[in-house]
Amino acid sequence: MEWETVIGLEVHVQLATQSKIFSGSSTRFGAAPNTQACAVDLAMPGTLPVLNEQALRYAIMFGLAIDADINQRSVFDRKNYFYPDLPKGYQTTQLDEPIVGPGLIEVQLDDGSCKQIRIHHAHLEEDAGKSLHEDFHGMSGIDLNRAGTPLIEIVSEPDMRTSEEAIAFAKKLHSIVTCLGISDGDMSQGSMRFDVNISVRPKGTEELGTRTETKNLNSFRFMERAIKLEVERQIDLIEDGGSIAQETRLYDSDKNISRSMRSKEEANDYRYFPCPDLLPISIDASYINELRENLPELPEAKKARFVSSYALSAYDANMLTADRATADYFEALSQACGDAKLAANWLMGELSASLNNHDINIEHCPISAKQLAELISRIKDNTISGKIAKQVFEAMWNGEGSADTIIEAKGLKQVSDSGAIEAMVEEVLSANQAMVDDYLGEEVEKKRKKKFNALVGRVMQASKGKANPSQVNQILQKKLDS
Amino acid sequence: MHTQSIAELAQGLRKGDYSSKELTQHYLQRIEQLDGNYNSFISVTAEQALQQAAQADLRLAKGDTPMLCGIPIAHKDIFCTQGTRTSCGSKMLDNFIPPYDATVIKHFQQAGSVSLGKTNMDEFAMGSSNESSFYGLVKNPWKMECVPGGSSGGPAAAVAAQLAPAATGTDTGGSIRQPAALCGLTGLKPTYGRVSRYGMIAFASSLDQGGPMGRSAQDAALLLNVMAGFDPQDSTCIDKPVPDYSLTLNDSIEGLRIGLPKEYFGEGLDSDIQKAVEQAIKVYETLGASIKEISLPHTELAIPAYYVIAPAEASANLSRFDGVRYGYRCDNPQDLNDLYSRSRAEGFGDEVKRRILIGAYALSAGYYDAYYKKAQCIRRLIKNDFISAFEQVDVIMGPTTPSPAFKLGEKSNDPVTMYLEDIYTISVNLAGLPGLSIPAGLTEGKPIGLQLIGNYFEEAKLLNIAHRYQQESDWHQQTPPAAHKQNSEV
Amino acid sequence: MAVDRSDIEKIATLARIKLDENSIPEITSSICDILALVDKMQLVKTDDIEPMAHPLDAIQRLRCDKVTEEDQREAFQQIAPQTEDGLYLVPKVIE
């Protein structure tokens, strides 16, 4: 039987506020355990929450970016359950009256086609702390630094049919939230986490199958693998005559397996009710309009602008606008070096390869846009060749200094002195008489060209790559033809 | 000294009749010698009190000090006090020493008042008799075999026995007004949002409100001046200017329209209390007030709605007591669930557990609409009743309680009967209105409370109306017979 | 609506309160009494009434996004039942 996969996503996005959603604690990542957990975050008796204005603003900005309804009245609810990373014994979240109503996101797939994915709603809530399972005499350690970090949870309709669509959707969300500047989008720090609801059904049928929820995926790659794994598991199970249990599953990226989270399966009854410590949020239309007018450029608009003002291909523009940091880097690089095409090539080539290899985000790139621009300028003004530039880039990556310093220190400057090149050419010709004869005797144009290039290569080699390649070409040609 | 009003004590301090240190020492001595009879304090902070008194004396010497500077006050053990155990009357918090102060406590510190210690209360403020405290029951200084009321039974007994000039309390369903009535005090529950709840351990967040308990409307006004005010740390606290409540106490009440809800004078009301209330109303008539019978038709539904809303909120508010970050933790937890369920079973008393269970039930799947949502709708009906009433009258009066102080143990095994104690006070919390109880008589040696209910933020008017009555009567000046005897001793 | 033993056990599990076997009948009966009192609410029709969660028609005030809290871990953990390396310790969390 042919199966169709149905995927819906719940995406948790940490908002890039300075302080927590309901307290004045810092949200900075990586602090020593529990040093950013104040009395409110620790749910000390008598403490009370007050809503962070910026968290609200960011949530509204997201809603505006996806053309969703912004609910002018919105309410916080308590979701009751006991867990050590949840100090109050309830999570403050939104159930019936979320801040962002239905919206729509369009994603572009690799084959160029577009797909629209409906957003059911997005709501504000607080993040939980972390349980550390390293062994403390058989106990777990609880760090509440993350408790109370503002999140928006974006809930999609089950509109995706393949993992490719799900990934494209997730990447689009990433690009939207980073372009808006409402999240740093740093997946390695958990700034964006995906819960994937998956079910399968016989192709051509309408009724949805029983779904499972795979929780807390924090990279696009893991998400792709987890979806593949779960879809296979479900199909195998059904084809073997089994049935799918509605359950929460945990994906283990190290082993590429998933398992049922039995602890979450206990008949949970969250007993939601409106949080009496917080009042209804009321947002007036003028506030929404003001935010709408000042909304940062969205990925679609940015893409269009990159195509028109930098003369980039749609493909390049799409890549460069995937997230705000990349787009910002590109714009800075392009302006500083004055060559958008070269800037795009370097960013998507050497730079992103190095970033990938070292698993570094562009925000933490060791080479600034200005530094890279200096390197590109040296290619443009013929100080170095493109090939040498790669060598310089590597040295820059390793922190050996600026492009000019490295070129100077390593003596990598391109040789453009025609006398010096002529001398090198003559030396190569006399040392390789056989190759010269071979070239001169060649009748077939194509083969002749190849043999010529081999001689060019010898000259370049002799110059340690520093000779100006076009001059080498010219002089060599002149010498051979004379 | 302990027979004087706060205004008199403030004057005595300024005239140099005694220092704050002497005054504080005097009260500490009384507590030490007499509180064994009442058990009104959970913690007495003598050393700290004397330090605060010494500082107050320095401030007083410089002049231009707030009215309450140097005045000893007792705080209900629900207000978090940095460095001093705050138990909320529970074993759960027997070892809890807050690293922070409640906003109300900060206000008193800024005013220079002296904290004598923390007073007893029903566990987590759940109760109407102060019999559910982990620290033992409190006795009514007027009748030692009777309850002082609750949940602010400790502060009520302490002030009635003149172990403190005044005290702070909290009121979720009558917890200031009912013990004030039963102990012959003036107790005010302000409008919801008038006094900050930050650092006041929550029972039911949408109903809880801190307020003063004292011997007169004037004393209550002086305390409210300190307690009331906006707090950026409490989202539900209202940003509204605070008047000086002592300035309008003597205003004329000529032309005041008093509403008497017929539902407050029905079946179940003690006849002596009814008579006392009628007497008090007559006094008001002589002061130029007019009387009108009104109806608050949904009164009967207040207790049912309250016993859904308050436990529902409490069930979530008390989830934080889980044995992880502070408070009681059971011995040798076998696993996480064991840690939670045994710490909570052992740390909470029966009434608290009962209310958590009711609350969890009312919110659980399938019952939410029938219980919680229904109660929220009734809450609106009750509020609407008051809104209509205040279109016709300026103040509503009636009894604070259906009966005077009952015997210790009389109702402690019957929660429903105990809940009915708050029949006249609970609606006020549901609606968020200010309510005040003042002494208006005695029956068999037990005080009777007259309740005054005002419109939103009309605390000044309520205190004014109460004060005018206290100018014409001396019920508030009466002291328990036991206190007379002891006055000669200490 | 009456509750029975199994209801009480279920709620107690949700509320994480271990009940003493012997006390369950008494708790069940007192909760039944209270629910009987509460059930008087059902006598009134409230179909057109908007539920009221707060006594005042106030709206949520907003805080500006500033870090106002300093590290007080030492003070907070002084009152904690069990900590190590700055972490609160609990019996092993099994996901």
# chains A, B, ... in the order shown; residues from 1 in each chain; ligands from 1

$ interface_residues --of "chain C" --to "chain A" --cutoff "10 Å" --atoms "only C-alpha atoms" --output "NGL selection string"
:C and (10-11 or 14-16 or 53-54 or 56-74 or 76-77 or 82-95)

$ interface_residues --of "chain C" --to "chain B" --cutoff "6 Å" --atoms "only C-alpha atoms" --output "JSON, numbers by chain"
{"C": [16, 17, 18, 37, 38, 49, 50, 51, 52, 54, 55, 79, 80, 91]}

$ closest_residue --among "B:Cys146, B:Ala54, B:Ala312, B:Leu296" --to "chain A" --atoms "only C-alpha atoms"
B:Ala312

$ residues_around --residues "stretch 424-439 of chain A" --least-positions-apart "2" --cutoff "6 Å" --atoms "only C-alpha atoms" --output "short mmCIF file (atom, residue, chain, number, x, y, z; two decimals) with N, CA and C atoms, in the first residue's frame"
data_model
loop_
_atom_site.label_atom_id
_atom_site.label_comp_id
_atom_site.auth_asym_id
_atom_site.auth_seq_id
_atom_site.Cartn_x
_atom_site.Cartn_y
_atom_site.Cartn_z
N ILE A 421 58.10 37.95 -14.89
CA ILE A 421 57.30 36.84 -15.41
C ILE A 421 57.96 36.27 -16.67
N GLU A 422 58.44 37.18 -17.50
CA GLU A 422 59.09 36.74 -18.74
C GLU A 422 60.27 35.83 -18.42
N GLY A 441 53.55 20.62 -31.86
CA GLY A 441 53.20 19.60 -32.84
C GLY A 441 51.73 19.22 -32.81
N GLU A 442 51.01 19.70 -31.86
CA GLU A 442 49.60 19.29 -31.71
C GLU A 442 48.73 19.99 -32.75
N ARG A 448 45.54 21.04 -28.01
CA ARG A 448 46.58 22.07 -28.02
C ARG A 448 46.40 23.01 -26.82
N LYS A 451 47.45 21.40 -23.60
CA LYS A 451 48.91 21.35 -23.46
C LYS A 451 49.48 22.72 -23.10
#

$ residues_around --residues "C:Asp4" --least-positions-apart "4" --cutoff "12 Å" --atoms "only C-alpha atoms" --output "PyMOL selection string"
(chain B and resi 361) or (chain C and resi 8-11+24-32+35)

$ residues_around --residues "A:Ala68" --least-positions-apart "2" --cutoff "10 Å" --atoms "only C-alpha atoms" --output "PyMOL selection string"
chain A and resi 60-66+70-71+100-105+118-122

$ select_by_dssp --residues "chain C" --states "alpha helix (DSSP H)" --output "ChimeraX atom specification"
/C:5-14,24-38,73-78

$ select_by_dssp --residues "stretch 41-154 of chain B" --states "strand (DSSP E)" --output "PyMOL selection string"
chain B and resi 41-44+72-76+114-119

$ write_last_selection --atoms "C-alpha atoms" --output "short mmCIF file (atom, residue, chain, number, x, y, z; two decimals), in the first residue's frame"
data_model
loop_
_atom_site.label_atom_id
_atom_site.label_comp_id
_atom_site.auth_asym_id
_atom_site.auth_seq_id
_atom_site.Cartn_x
_atom_site.Cartn_y
_atom_site.Cartn_z
CA PHE B 41 2.38 34.35 68.22
CA ILE B 42 4.32 31.76 66.25
CA SER B 43 7.59 33.69 66.41
CA VAL B 44 8.51 36.57 68.65
CA PRO B 72 5.23 48.02 67.58
CA ILE B 73 3.13 45.95 65.18
CA ALA B 74 2.51 42.21 64.93
CA HIS B 75 2.50 40.62 61.48
CA LYS B 76 0.47 37.65 60.41
CA VAL B 114 8.75 47.87 64.98
CA SER B 115 7.88 44.26 64.27
CA LEU B 116 7.15 42.30 67.46
CA GLY B 117 6.96 38.99 65.63
CA LYS B 118 4.81 36.73 63.53
CA THR B 119 1.32 35.77 64.59
#

$ residues_around --residues "stretch 162-179 of chain A" --least-positions-apart "3" --cutoff "9 Å" --atoms "only C-alpha atoms" --output "PyMOL selection string"
chain A and resi 4-9+11+13+15+62+65-66+105-110+115+117+182-185+192+194+196+220-221+223-225+227-228+296-299+321-325+327

$ atom_distance --atom1 "atom CA of B:Gly16" --atom2 "atom CA of B:Thr45"
24.6 Å

$ closest_residue --among "A:Asn318, A:Ala301, A:Asn218, A:Ala369" --to "A:Phe330" --atoms "only C-alpha atoms"
A:Ala369
